[in-house]
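Containing compact mmCIF, C-alpha atoms and all ligand atoms: run_10.txt.
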# COMPACT_ATOMS: atom_id res chain seq x y z
CA MET A 1 15.36 -4.03 13.23
CA ALA A 2 17.21 -5.30 16.30
CA GLN A 3 16.43 -8.62 17.95
CA GLY A 4 13.03 -8.50 19.66
CA VAL A 5 12.20 -5.01 18.33
CA TYR A 6 9.32 -4.71 15.86
CA THR A 7 8.18 -1.63 13.98
CA PHE A 8 4.48 -1.34 13.23
CA SER A 9 5.06 1.86 11.29
CA PRO A 10 2.58 2.61 8.48
CA GLY A 11 5.45 3.60 6.18
CA PRO A 12 8.34 3.63 5.58
CA ALA A 13 7.69 0.21 7.00
CA VAL A 14 9.26 -3.08 7.95
CA LEU A 15 11.34 -4.81 5.25
CA PRO A 16 12.17 -8.53 5.04
CA LEU A 17 15.26 -9.30 7.12
CA PRO A 18 17.05 -11.22 4.31
CA VAL A 19 16.56 -8.19 2.06
CA LEU A 20 18.12 -5.85 4.64
CA GLN A 21 20.96 -8.28 5.18
CA GLN A 22 21.73 -8.52 1.47
CA ALA A 23 21.53 -4.74 1.10
CA GLN A 24 23.98 -4.45 4.02
CA ARG A 25 26.36 -7.04 2.54
CA GLU A 26 26.40 -5.37 -0.85
CA LEU A 27 26.09 -1.75 0.19
CA VAL A 28 29.78 -1.04 -0.24
CA ALA A 29 30.31 -3.24 -3.28
CA LEU A 30 27.85 -5.23 -5.38
CA GLU A 31 28.99 -8.82 -5.72
CA GLY A 32 30.81 -9.38 -9.00
CA ILE A 33 30.86 -5.65 -9.82
CA GLY A 34 32.73 -4.01 -6.97
CA ILE A 35 30.78 -0.73 -7.00
CA SER A 36 28.20 0.35 -4.41
CA PRO A 37 24.55 0.34 -5.53
CA LEU A 38 24.52 3.93 -4.27
CA GLU A 39 27.16 4.79 -6.84
CA MET A 40 25.73 2.91 -9.83
CA SER A 41 24.62 4.79 -12.92
CA HIS A 42 20.98 4.55 -13.90
CA ARG A 43 22.32 4.13 -17.45
CA SER A 44 24.41 1.08 -16.53
CA GLU A 45 23.78 -2.39 -17.93
CA TRP A 46 23.44 -3.57 -14.31
CA PHE A 47 20.54 -1.17 -13.65
CA ALA A 48 18.83 -2.06 -16.94
CA GLN A 49 18.83 -5.62 -15.65
CA VAL A 50 17.50 -4.55 -12.24
CA LEU A 51 14.43 -2.97 -13.87
CA GLU A 52 14.02 -5.82 -16.33
CA GLU A 53 14.09 -8.50 -13.64
CA THR A 54 11.82 -6.50 -11.32
CA THR A 55 9.24 -6.17 -14.08
CA ALA A 56 9.54 -9.87 -14.93
CA ASN A 57 9.09 -10.74 -11.25
CA LEU A 58 6.02 -8.49 -10.96
CA ARG A 59 4.57 -10.18 -14.05
CA ARG A 60 5.12 -13.59 -12.46
CA LEU A 61 3.77 -12.60 -9.05
CA LEU A 62 0.69 -10.76 -10.34
CA ARG A 63 0.31 -12.80 -13.56
CA PHE A 64 -0.10 -10.07 -16.15
CA GLY A 65 1.11 -9.87 -19.72
CA GLU A 66 2.67 -7.56 -22.27
CA ASP A 67 -0.57 -5.58 -22.64
CA TYR A 68 0.52 -3.72 -19.49
CA THR A 69 3.58 -1.53 -19.01
CA VAL A 70 5.35 -1.15 -15.66
CA LEU A 71 6.75 2.28 -14.80
CA TYR A 72 9.09 3.24 -11.95
CA LEU A 73 8.37 6.86 -11.02
CA GLN A 74 9.18 9.35 -8.28
CA GLY A 75 7.04 11.79 -6.32
CA GLY A 76 5.29 9.07 -4.32
CA SER A 77 1.67 8.08 -4.57
CA ARG A 78 0.79 11.72 -3.98
CA LEU A 79 2.11 12.60 -7.42
CA GLN A 80 -0.07 9.85 -8.89
CA PHE A 81 -3.08 11.68 -7.44
CA SER A 82 -2.18 14.38 -10.01
CA MET A 83 -0.71 12.32 -12.85
CA VAL A 84 -3.75 10.06 -13.12
CA PRO A 85 -6.19 12.92 -13.89
CA MET A 86 -3.64 14.86 -15.98
CA ASN A 87 -3.11 11.86 -18.23
CA LEU A 88 -6.57 10.30 -18.21
CA LEU A 89 -9.06 13.09 -17.49
CA ARG A 90 -7.67 16.31 -18.95
CA GLY A 91 -9.63 17.22 -22.09
CA SER A 92 -12.09 14.34 -21.66
CA LYS A 93 -15.85 14.86 -22.03
CA LEU A 94 -16.45 12.09 -19.52
CA PRO A 95 -16.33 12.46 -15.74
CA ALA A 96 -13.96 10.54 -13.49
CA ASP A 97 -15.70 8.55 -10.75
CA TYR A 98 -14.10 8.53 -7.30
CA ILE A 99 -15.00 6.08 -4.55
CA LEU A 100 -14.03 7.55 -1.18
CA THR A 101 -13.41 5.15 1.69
CA GLY A 102 -10.92 7.17 3.73
CA SER A 103 -8.26 9.85 3.96
CA TRP A 104 -6.16 9.01 0.91
CA GLY A 105 -9.07 8.88 -1.52
CA ASN A 106 -10.09 12.30 -0.24
CA LYS A 107 -6.65 13.67 -1.05
CA ALA A 108 -6.72 12.10 -4.51
CA VAL A 109 -10.07 13.65 -5.43
CA VAL A 110 -8.83 17.17 -4.64
CA GLU A 111 -6.19 16.90 -7.37
CA ALA A 112 -8.57 15.31 -9.88
CA ARG A 113 -10.97 18.28 -9.60
CA ARG A 114 -8.25 20.53 -11.02
CA GLU A 115 -8.27 18.54 -14.27
CA GLY A 116 -11.88 17.89 -15.18
CA THR A 117 -15.30 16.77 -14.06
CA VAL A 118 -15.27 14.56 -11.01
CA HIS A 119 -18.21 12.55 -9.79
CA VAL A 120 -18.08 11.11 -6.29
CA ALA A 121 -19.69 7.70 -6.72
CA TYR A 122 -19.55 6.94 -3.01
CA ASP A 123 -18.43 8.75 0.13
CA GLY A 124 -18.24 6.81 3.39
CA LYS A 125 -17.88 9.99 5.44
CA GLU A 126 -21.29 9.72 7.13
CA HIS A 127 -20.22 6.57 8.93
CA ASN A 128 -16.71 7.83 9.52
CA TYR A 129 -15.07 5.57 6.93
CA ARG A 130 -15.62 2.34 8.80
CA ARG A 131 -16.30 0.19 5.79
CA VAL A 132 -16.14 -0.18 2.04
CA PRO A 133 -19.35 0.05 0.00
CA GLN A 134 -21.40 -2.79 -1.41
CA PRO A 135 -21.58 -2.63 -5.23
CA ASP A 136 -25.23 -1.50 -5.08
CA GLU A 137 -24.32 1.52 -2.95
CA LEU A 138 -22.19 3.00 -5.74
CA GLU A 139 -23.63 5.74 -7.91
CA LEU A 140 -21.47 5.10 -10.93
CA SER A 141 -21.52 7.18 -14.08
CA PRO A 142 -22.75 5.14 -17.04
CA GLU A 143 -19.52 6.01 -18.79
CA ALA A 144 -16.48 7.33 -16.95
CA ALA A 145 -13.00 8.35 -18.03
CA TYR A 146 -11.93 6.06 -15.16
CA VAL A 147 -13.08 4.91 -11.73
CA HIS A 148 -10.64 5.58 -8.91
CA PHE A 149 -10.61 3.72 -5.59
CA THR A 150 -8.19 3.00 -2.75
CA SER A 151 -7.89 -0.76 -2.22
CA ASN A 152 -6.66 -0.30 1.36
CA GLU A 153 -7.17 2.92 3.30
CA THR A 154 -4.04 2.95 5.40
CA ILE A 155 -5.27 5.41 8.03
CA GLN A 156 -8.76 3.98 8.64
CA GLY A 157 -7.73 0.35 8.13
CA VAL A 158 -10.50 -0.55 5.70
CA GLN A 159 -9.83 -2.73 2.69
CA PHE A 160 -11.77 -3.90 -0.36
CA ARG A 161 -12.03 -7.69 -0.68
CA GLU A 162 -12.92 -7.41 -4.37
CA PRO A 163 -12.41 -4.47 -6.71
CA PRO A 164 -15.61 -2.46 -7.23
CA PRO A 165 -17.44 -2.44 -10.57
CA GLY A 166 -17.23 0.68 -12.75
CA GLY A 167 -18.33 2.35 -15.97
CA GLY A 168 -14.73 2.92 -17.05
CA PRO A 169 -11.21 1.60 -16.50
CA LEU A 170 -10.49 0.93 -12.82
CA VAL A 171 -7.67 2.98 -11.36
CA CYS A 172 -6.44 1.69 -8.02
CA ASP A 173 -4.32 3.34 -5.34
CA ALA A 174 -2.81 0.10 -4.03
CA SER A 175 -0.07 1.80 -2.04
CA SER A 176 -0.61 -0.07 1.19
CA ASP A 177 -1.65 -3.53 0.00
CA PHE A 178 0.39 -3.97 -3.19
CA LEU A 179 1.85 -7.49 -3.38
CA SER A 180 0.05 -8.52 -0.19
CA ARG A 181 -2.39 -10.79 -2.04
CA PRO A 182 -3.16 -11.85 -5.62
CA ILE A 183 -5.17 -9.44 -7.76
CA GLU A 184 -6.58 -9.87 -11.26
CA VAL A 185 -4.62 -7.18 -13.04
CA ASP A 186 -6.79 -7.66 -16.16
CA ARG A 187 -9.66 -5.98 -14.33
CA PHE A 188 -7.65 -2.76 -13.91
CA GLY A 189 -6.64 0.07 -16.21
CA LEU A 190 -3.97 1.37 -13.87
CA ILE A 191 -2.56 0.36 -10.49
CA TYR A 192 -0.12 2.50 -8.53
CA ALA A 193 1.79 1.94 -5.32
CA CYS A 194 4.57 3.82 -3.60
CA ALA A 195 7.13 1.26 -2.48
CA GLN A 196 7.56 2.17 1.16
CA LYS A 197 4.61 0.23 2.57
CA ASN A 198 4.99 -3.25 1.17
CA ALA A 199 7.47 -3.26 -1.66
CA GLY A 200 10.67 -1.48 -0.66
CA PRO A 201 12.05 1.81 0.62
CA ALA A 202 10.66 5.29 -0.08
CA GLY A 203 11.72 6.91 -3.35
CA VAL A 204 10.07 4.84 -6.06
CA THR A 205 6.43 4.35 -7.06
CA VAL A 206 5.37 1.44 -9.21
CA VAL A 207 2.72 2.14 -11.88
CA ILE A 208 1.18 -0.70 -13.87
CA ILE A 209 -0.76 0.74 -16.80
CA ARG A 210 -2.73 -0.92 -19.58
CA ASN A 211 -1.06 0.03 -22.86
CA GLU A 212 -4.35 1.20 -24.36
CA LEU A 213 -4.51 3.98 -21.78
CA LEU A 214 -1.14 5.30 -22.89
CA ASP A 215 -2.81 6.21 -26.20
CA ARG A 216 -5.24 8.47 -24.34
CA VAL A 217 -2.53 10.69 -22.86
CA PRO A 218 -3.08 14.24 -24.17
CA GLU A 219 -0.37 16.06 -26.06
CA GLY A 220 1.56 18.82 -24.39
CA LEU A 221 2.01 17.51 -20.85
CA HIS A 222 5.24 18.28 -19.06
CA SER A 223 7.61 15.40 -19.82
CA MET A 224 8.01 14.27 -16.23
CA LEU A 225 4.22 14.15 -15.77
CA ASP A 226 3.51 12.21 -18.97
CA TYR A 227 3.03 8.43 -18.69
CA ARG A 228 3.69 7.95 -22.40
CA GLN A 229 7.06 9.66 -22.25
CA HIS A 230 8.06 7.64 -19.18
CA ALA A 231 7.01 4.46 -21.00
CA GLN A 232 8.96 5.38 -24.13
CA ALA A 233 12.04 6.14 -22.03
CA GLY A 234 11.81 2.89 -20.05
CA SER A 235 11.37 4.91 -16.83
CA LEU A 236 14.73 6.59 -17.47
CA LEU A 237 13.64 10.11 -18.42
CA ASN A 238 15.76 11.36 -15.55
CA THR A 239 18.04 9.86 -12.91
CA ALA A 240 16.12 6.93 -11.47
CA PRO A 241 16.20 6.16 -7.72
CA VAL A 242 18.68 3.36 -8.31
CA PHE A 243 19.06 2.11 -4.76
CA ALA A 244 15.31 2.09 -4.05
CA CYS A 245 14.62 0.18 -7.28
CA TRP A 246 17.28 -2.39 -6.40
CA VAL A 247 15.69 -3.01 -2.99
CA VAL A 248 12.28 -3.44 -4.68
CA LEU A 249 13.94 -6.11 -6.85
CA LEU A 250 15.22 -7.87 -3.71
CA VAL A 251 11.71 -7.77 -2.21
CA THR A 252 10.20 -9.36 -5.34
CA ARG A 253 12.88 -12.06 -5.20
CA TRP A 254 12.03 -12.66 -1.53
CA LEU A 255 8.36 -13.05 -2.47
CA LEU A 256 9.15 -15.53 -5.25
CA GLU A 257 11.90 -17.51 -3.57
CA GLU A 258 11.07 -17.46 0.14
CA VAL A 259 7.32 -16.87 0.29
CA GLY A 260 6.57 -18.64 -3.01
CA SER A 261 3.55 -16.75 -4.35
CA LEU A 262 1.06 -14.03 -3.53
CA GLU A 263 -1.43 -16.74 -2.54
CA ALA A 264 1.04 -17.88 0.12
CA MET A 265 1.68 -14.25 1.10
CA GLU A 266 -2.03 -13.65 1.56
CA GLN A 267 -2.35 -16.73 3.78
CA ARG A 268 0.42 -15.44 6.02
CA ASN A 269 -1.15 -11.99 6.12
CA ARG A 270 -4.57 -13.42 6.94
CA ALA A 271 -3.15 -15.49 9.79
CA LYS A 272 -1.30 -12.48 11.24
CA ALA A 273 -4.32 -10.16 11.06
CA GLN A 274 -6.50 -12.85 12.62
CA LEU A 275 -4.24 -12.94 15.70
CA LEU A 276 -5.01 -9.29 16.41
CA TYR A 277 -8.66 -9.14 15.35
CA GLU A 278 -9.36 -12.08 17.70
CA VAL A 279 -8.23 -9.91 20.60
CA LEU A 280 -10.47 -7.05 19.43
CA ASP A 281 -13.42 -9.46 19.23
CA GLN A 282 -12.63 -10.90 22.64
CA TYR A 283 -12.51 -7.48 24.35
CA PRO A 284 -14.78 -5.27 22.22
CA ASP A 285 -15.36 -2.78 25.07
CA PHE A 286 -11.66 -2.27 25.66
CA TYR A 287 -10.11 -2.64 22.20
CA ILE A 288 -12.65 -0.74 20.14
CA GLY A 289 -12.06 -1.58 16.49
CA HIS A 290 -12.50 1.17 13.91
CA ALA A 291 -13.39 -0.91 10.84
CA ASP A 292 -16.55 -2.97 10.47
CA PRO A 293 -15.60 -6.66 10.53
CA GLU A 294 -16.32 -7.26 6.80
CA SER A 295 -14.07 -4.36 5.79
CA ARG A 296 -11.16 -5.00 8.14
CA SER A 297 -7.76 -4.47 6.60
CA LEU A 298 -5.19 -7.25 6.64
CA MET A 299 -2.48 -4.58 6.60
CA ASN A 300 -3.47 -1.87 9.13
CA VAL A 301 -5.34 -2.90 12.28
CA THR A 302 -6.98 0.19 13.80
CA PHE A 303 -8.59 0.46 17.23
CA ARG A 304 -8.86 2.74 20.22
CA LEU A 305 -8.95 2.25 23.96
CA PRO A 306 -11.69 3.59 26.27
CA SER A 307 -9.64 6.64 27.35
CA GLU A 308 -6.80 8.84 26.15
CA GLU A 309 -4.91 8.05 29.32
CA GLN A 310 -5.05 4.32 28.62
CA THR A 311 -3.99 4.92 25.02
CA ARG A 312 -0.93 6.84 26.20
CA ALA A 313 -0.04 4.13 28.71
CA PHE A 314 -0.51 1.44 26.06
CA LEU A 315 1.80 3.21 23.63
CA ALA A 316 4.49 3.93 26.21
CA GLU A 317 4.55 0.40 27.61
CA ALA A 318 4.46 -1.19 24.17
CA ASP A 319 7.36 0.98 23.07
CA ALA A 320 9.40 0.02 26.14
CA GLN A 321 8.88 -3.64 25.22
CA GLY A 322 10.12 -3.13 21.66
CA LEU A 323 6.72 -2.76 19.99
CA LYS A 324 7.30 0.50 18.10
CA GLU A 325 5.28 3.01 16.09
CA LEU A 326 1.81 1.91 17.16
CA LYS A 327 0.29 5.35 17.43
CA GLY A 328 -2.81 5.78 15.27
CA HIS A 329 -3.35 8.67 12.90
CA ARG A 330 -4.91 11.65 14.66
CA SER A 331 -8.03 11.52 12.46
CA VAL A 332 -8.92 8.07 13.80
CA GLY A 333 -7.09 8.18 17.10
CA GLY A 334 -5.90 5.36 19.26
CA ILE A 335 -3.71 2.63 17.92
CA ARG A 336 -2.75 1.43 14.47
CA ALA A 337 -0.73 -1.74 13.99
CA SER A 338 0.61 -1.93 10.45
CA ILE A 339 1.46 -5.54 9.75
CA TYR A 340 2.66 -5.53 6.16
CA ASN A 341 4.14 -8.52 4.31
CA ALA A 342 7.51 -8.31 6.00
CA MET A 343 6.18 -8.19 9.58
CA PRO A 344 7.13 -11.60 10.98
CA VAL A 345 4.40 -13.57 12.75
CA GLU A 346 6.58 -13.42 15.90
CA GLY A 347 6.12 -9.65 15.97
CA VAL A 348 2.35 -9.97 15.78
CA GLU A 349 2.35 -12.69 18.45
CA LYS A 350 4.36 -10.44 20.71
CA LEU A 351 1.89 -7.59 20.20
CA ARG A 352 -1.06 -9.93 20.80
CA GLU A 353 0.49 -11.17 24.03
CA PHE A 354 1.08 -7.58 25.12
CA MET A 355 -2.54 -6.65 24.36
CA LEU A 356 -3.85 -9.59 26.39
CA GLN A 357 -1.65 -8.69 29.35
CA PHE A 358 -2.54 -5.01 29.14
CA VAL A 359 -6.31 -5.57 29.18
CA LYS A 360 -6.02 -7.94 32.16
CA ARG A 361 -4.00 -5.42 34.14
CA ALA A 362 -6.52 -2.70 33.26
CA ALA A 363 -9.35 -4.89 34.59
CA VAL A 364 -7.51 -5.49 37.88
CA SER A 365 -6.71 -1.83 38.48
CA ARG A 366 -10.27 -0.72 37.86
C1 LIG B 401 1.12 6.22 1.97
C2 LIG B 401 -0.01 6.33 1.04
C3 LIG B 401 -0.07 7.34 0.08
C4 LIG B 401 0.97 8.45 -0.02
O1 LIG B 401 2.17 7.97 -0.48
P1 LIG B 401 3.42 8.95 -0.69
O2 LIG B 401 4.45 8.05 -1.29
O3 LIG B 401 3.82 9.48 0.65
O4 LIG B 401 3.00 10.03 -1.61
C5 LIG B 401 -1.15 7.36 -0.78
N1 LIG B 401 -2.11 6.44 -0.72
C6 LIG B 401 -2.10 5.45 0.20
C7 LIG B 401 -3.21 4.45 0.23
C8 LIG B 401 -1.05 5.36 1.11
O5 LIG B 401 -1.04 4.38 2.02

Please go through the file and, once you have read it, give me the structure as structure tokens.
Ligand SMILES: *Cc1c(COP(=O)(O)O)cnc(C)c1O
Amino acid sequence: MAQGVYTFSPGPAVLPLPVLQQAQRELVALEGIGISPLEMSHRSEWFAQVLEETTANLRRLLRFGEDYTVLYLQGGSRLQFSMVPMNLLRGSKLPADYILTGSWGNKAVVEARREGTVHVAYDGKEHNYRRVPQPDELELSPEAAYVHFTSNETIQGVQFREPPPGGGPLVCDASSDFLSRPIEVDRFGLIYACAQKNAGPAGVTVVIIRNELLDRVPEGLHSMLDYRQHAQAGSLLNTAPVFACWVVLLVTRWLLEEVGSLEAMEQRNRAKAQLLYEVLDQYPDFYIGHADPESRSLMNVTFRLPSEEQTRAFLAEADAQGLKELKGHRSVGGIRASIYNAMPVEGVEKLREFMLQFVKRAAVSR
């Protein structure tokens, strides 16, 4: 990111500047080793330490113990849409409950149906995925193989404040709000997150799985799709994405050393989101928010303008001023500002200022 330029991309997304600077400094030769991280073996002692420290840092940040295993996998969160039901639903007599609050949950449920009985416990489609459900709106199975939900729907910009209840282990697609706030890991059976939203570059997906669930994995799965085999191999069944894992380590260090904790990270994220939602609330007829206020995401702020023409002008002018990648997903339209952990408050202030100027100019020219 150059001076004064900010990317609001939904992913791959902004990374902390000190992380990029360290990656640049050590790209050609790791300090004390002399070899590039791009050239390092995944079987090296150095890489064993990268994974060990990353896992230790995740345990400190999210406060979970040895009853959970951390896996570093490839194939993105999309592959988790398949691996979760292959490992936890295949052969089960119980259904898997899916709570659908937006586009990603809908993609996940398609894969689950290939593996067993799926019960949709909630579908927010009728109100166009503007909010997350209240617990009493869920039609949960009394007993489920697992209950899948998406903590933050990246496209719609709706986020759960609290995990939903469920009649089985909670499985969470946390791709776009992982490490953005504290969560009680003990309430979950499995949490997965591709790195490229909040935790690092594309190429690695973090899976945190309760050990008990590893015992439920059916025999006969393909090795690369089998959580138990990945766990037994320490995530080194095949060549790991060494560079991506190293950058995830640097991001966890940044969280611990520069931010301090996930509580502190959440405070920063809340303050940043507030700056933009205030503008939406001030000009509700011009900046038309997609999410209902109680379900607003702290990570992806979604809204549209009264006309397509104004949306195009907004995007072009913002881009010219260094406010990049603000175009919303076509299913929601309009604008999406992704303001993940690493987006500095200065970037959000600059966007807010731009929005205030833009609406005033629009009023004058009317
Ligand atoms: C980005 C995203 C995905 C897809 O991740 P890939 O790594 O591209 O497979 C899935 N779920 C959510 C919530 C996302 O934000």

Considering only C-alpha atoms and all ligand atoms, tabulate each residue of chain A that lies at most 8 Å from ligand LIG 401 (chain B) along with its nearest interatomic pair and the corresponding distance in Å to one decimal; arrange the rows by chain and ascending residue number and present them as JSON lines.
{"residue": "A:Pro10", "atom": "CA", "partner": "B:LIG401", "partner_atom": "C1", "distance": 7.6}
{"residue": "A:Gly11", "atom": "CA", "partner": "B:LIG401", "partner_atom": "C1", "distance": 6.6}
{"residue": "A:Gly75", "atom": "CA", "partner": "B:LIG401", "partner_atom": "O4", "distance": 6.5}
{"residue": "A:Gly76", "atom": "CA", "partner": "B:LIG401", "partner_atom": "O2", "distance": 3.3}
{"residue": "A:Ser77", "atom": "CA", "partner": "B:LIG401", "partner_atom": "O4", "distance": 3.8}
{"residue": "A:Arg78", "atom": "CA", "partner": "B:LIG401", "partner_atom": "O4", "distance": 3.7}
{"residue": "A:Leu79", "atom": "CA", "partner": "B:LIG401", "partner_atom": "O4", "distance": 6.4}
{"residue": "A:Gln80", "atom": "CA", "partner": "B:LIG401", "partner_atom": "O4", "distance": 7.9}
{"residue": "A:Trp104", "atom": "CA", "partner": "B:LIG401", "partner_atom": "N1", "distance": 5.1}
{"residue": "A:Gly105", "atom": "CA", "partner": "B:LIG401", "partner_atom": "N1", "distance": 7.4}
{"residue": "A:Thr150", "atom": "CA", "partner": "B:LIG401", "partner_atom": "C7", "distance": 6.0}
{"residue": "A:Ser151", "atom": "CA", "partner": "B:LIG401", "partner_atom": "C7", "distance": 7.4}
{"residue": "A:Asn152", "atom": "CA", "partner": "B:LIG401", "partner_atom": "C7", "distance": 6.0}
{"residue": "A:Glu153", "atom": "CA", "partner": "B:LIG401", "partner_atom": "C7", "distance": 5.2}
{"residue": "A:Thr154", "atom": "CA", "partner": "B:LIG401", "partner_atom": "O5", "distance": 4.7}
{"residue": "A:Ile155", "atom": "CA", "partner": "B:LIG401", "partner_atom": "O5", "distance": 7.4}
{"residue": "A:Asp173", "atom": "CA", "partner": "B:LIG401", "partner_atom": "C7", "distance": 5.8}
{"residue": "A:Ala174", "atom": "CA", "partner": "B:LIG401", "partner_atom": "C7", "distance": 6.1}
{"residue": "A:Ser175", "atom": "CA", "partner": "B:LIG401", "partner_atom": "C7", "distance": 4.7}
{"residue": "A:Ser176", "atom": "CA", "partner": "B:LIG401", "partner_atom": "O5", "distance": 4.5}
{"residue": "A:Ala193", "atom": "CA", "partner": "B:LIG401", "partner_atom": "N1", "distance": 7.5}
{"residue": "A:Cys194", "atom": "CA", "partner": "B:LIG401", "partner_atom": "O2", "distance": 4.8}
{"residue": "A:Ala195", "atom": "CA", "partner": "B:LIG401", "partner_atom": "O2", "distance": 7.4}
{"residue": "A:Gln196", "atom": "CA", "partner": "B:LIG401", "partner_atom": "O2", "distance": 7.1}
{"residue": "A:Lys197", "atom": "CA", "partner": "B:LIG401", "partner_atom": "C1", "distance": 7.0}
{"residue": "A:Ala202", "atom": "CA", "partner": "B:LIG401", "partner_atom": "O2", "distance": 6.9}
{"residue": "A:Gly203", "atom": "CA", "partner": "B:LIG401", "partner_atom": "O2", "distance": 7.6}
{"residue": "A:Thr205", "atom": "CA", "partner": "B:LIG401", "partner_atom": "O2", "distance": 7.1}

Selected residues written out, C-alpha atoms, as a short mmCIF file (atom, residue, chain, number, x, y, z; two decimals), in the coordinates of the input:
data_model
loop_
_atom_site.label_atom_id
_atom_site.label_comp_id
_atom_site.auth_asym_id
_atom_site.auth_seq_id
_atom_site.Cartn_x
_atom_site.Cartn_y
_atom_site.Cartn_z
CA PRO A 10 2.58 2.61 8.48
CA GLY A 11 5.45 3.60 6.18
CA GLY A 75 7.04 11.79 -6.32
CA GLY A 76 5.29 9.07 -4.32
CA SER A 77 1.67 8.08 -4.57
CA ARG A 78 0.79 11.72 -3.98
CA LEU A 79 2.11 12.60 -7.42
CA GLN A 80 -0.07 9.85 -8.89
CA TRP A 104 -6.16 9.01 0.91
CA GLY A 105 -9.07 8.88 -1.52
CA THR A 150 -8.19 3.00 -2.75
CA SER A 151 -7.89 -0.76 -2.22
CA ASN A 152 -6.66 -0.30 1.36
CA GLU A 153 -7.17 2.92 3.30
CA THR A 154 -4.04 2.95 5.40
CA ILE A 155 -5.27 5.41 8.03
CA ASP A 173 -4.32 3.34 -5.34
CA ALA A 174 -2.81 0.10 -4.03
CA SER A 175 -0.07 1.80 -2.04
CA SER A 176 -0.61 -0.07 1.19
CA ALA A 193 1.79 1.94 -5.32
CA CYS A 194 4.57 3.82 -3.60
CA ALA A 195 7.13 1.26 -2.48
CA GLN A 196 7.56 2.17 1.16
CA LYS A 197 4.61 0.23 2.57
CA ALA A 202 10.66 5.29 -0.08
CA GLY A 203 11.72 6.91 -3.35
CA THR A 205 6.43 4.35 -7.06
#

(message) List as a PyMOL selection string the protein and nucleic acid residues near Gly347 (chain A), meaning an atom at most 10 Å away when all atoms listed in the file are counted, but skip any in the same chain fewer than 6 places from it.
(response) chain A and resi 4-8+272+322-323+339+353

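Distances to Leu62 (chain A) were evaluated for A:His42, A:Lys125, A:Arg181, A:Arg210 using only C-alpha atoms, and the minimum falls at A:Arg181.
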
(request) Kindly give the distance, in Å, that separates CA of Gly65 (chain A) and CA of Ser297 (chain A), rounded to a single decimal. (result) 28.3 Å

(request) Using only C-alpha atoms, find the one residue out of A:Arg336, A:Glu52, A:Ser295, A:Thr69 that sits nearest to Thr101 (chain A). (result)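 When distances to Thr101 (chain A) are compared using only C-alpha atoms, the smallest one comes from A:Ser295.
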
(request) Please return, as a PyMOL selection string, all polymer residues that have at least one atom within 9 Å of the point (-19.5, 10.3, -20.5); use all atoms listed in the file and the file's own coordinate frame. (result) chain A and resi 92-96+141-145

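Between CA of Ala121 (chain A) and CA of Glu139 (chain A) there is a distance of 4.6 Å.
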
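With distances taken over all atoms listed in the file, A:Trp46 is the one residue among A:Pro18, A:Asn106, A:Asp177, A:Trp46 lying closest to Glu31 (chain A).
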
(message) Under the rule that all atoms listed in the file are counted, which of A:Pro218, A:Met355, A:Pro241, A:Tyr122 is the nearest residue to Pro201 (chain A)?
(response)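 Under the stated criterion, the closest residue is A:Pro241.
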
So that each row is one residue of region 126-183 of chain A with an atom at most 9 Å from region 301-311 of chain A, can you give its shortest atom pair and the distance in Å to one decimal, using all atoms listed in the file, rows by chain and rising number, as JSON lines?
{"residue": "A:Ile155", "atom": "CA", "partner": "A:Thr302", "partner_atom": "CA", "distance": 8.0}
{"residue": "A:Gln156", "atom": "CA", "partner": "A:Thr302", "partner_atom": "CA", "distance": 6.6}
{"residue": "A:Gly157", "atom": "CA", "partner": "A:Thr302", "partner_atom": "CA", "distance": 5.7}
{"residue": "A:Val158", "atom": "CA", "partner": "A:Val301", "partner_atom": "CA", "distance": 8.7}

Residues near Ile335 (chain A), cut-off 10 Å, only C-alpha atoms, skip fewer than 5 positions along chain, as a CSV table (one decimal) with C-alpha atoms, keeping the file's coordinate frame:
chain,number,residue,atom,x,y,z
A,287,TYR,CA,-10.1,-2.6,22.2
A,288,ILE,CA,-12.6,-0.7,20.1
A,289,GLY,CA,-12.1,-1.6,16.5
A,290,HIS,CA,-12.5,1.2,13.9
A,300,ASN,CA,-3.5,-1.9,9.1
A,301,VAL,CA,-5.3,-2.9,12.3
A,302,THR,CA,-7.0,0.2,13.8
A,303,PHE,CA,-8.6,0.5,17.2
A,304,ARG,CA,-8.9,2.7,20.2
A,305,LEU,CA,-9.0,2.2,24.0
A,311,THR,CA,-4.0,4.9,25.0
A,312,ARG,CA,-0.9,6.8,26.2
A,314,PHE,CA,-0.5,1.4,26.1
A,315,LEU,CA,1.8,3.2,23.6
A,325,GLU,CA,5.3,3.0,16.1
A,326,LEU,CA,1.8,1.9,17.2
A,327,LYS,CA,0.3,5.4,17.4
A,328,GLY,CA,-2.8,5.8,15.3
A,329,HIS,CA,-3.4,8.7,12.9
A,330,ARG,CA,-4.9,11.6,14.7

(request) Can you work out which one of A:Leu15, A:Cys172, A:Leu237, A:Ala363 has the shortest atom-to-atom distance to Leu225 (chain A), counting all atoms listed in the file? (result)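 Comparing A:Leu15, A:Cys172, A:Leu237, A:Ala363 against Leu225 (chain A), the winner is A:Leu237.
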
(message) At a cut-off of 12 Å, using only C-alpha atoms, what residues contact Gly91 (chain A)? Leave out same-chain residues fewer than 6 positions from it and give the result as a list in words.
(response)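 Counting only the stated atoms, we get Pro85, Arg114, Glu115, Gly116, Thr117, Ala145, Arg216, Val217, Pro218, Glu219, Gly220 and Leu221 of chain A.
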
(request) Measuring atom to atom with all atoms listed in the file, identify which of A:Ala291, A:Cys245, A:Leu58, A:Val120 is nearest to Ile183 (chain A). (result)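 Closest residue, counting all atoms listed in the file: A:Leu58.
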
(message) For a test of reading the model, state the distance in Å between CA of Arg270 (chain A) and CA of Ser180 (chain A), rounded to one decimal.
(response) 9.8 Å
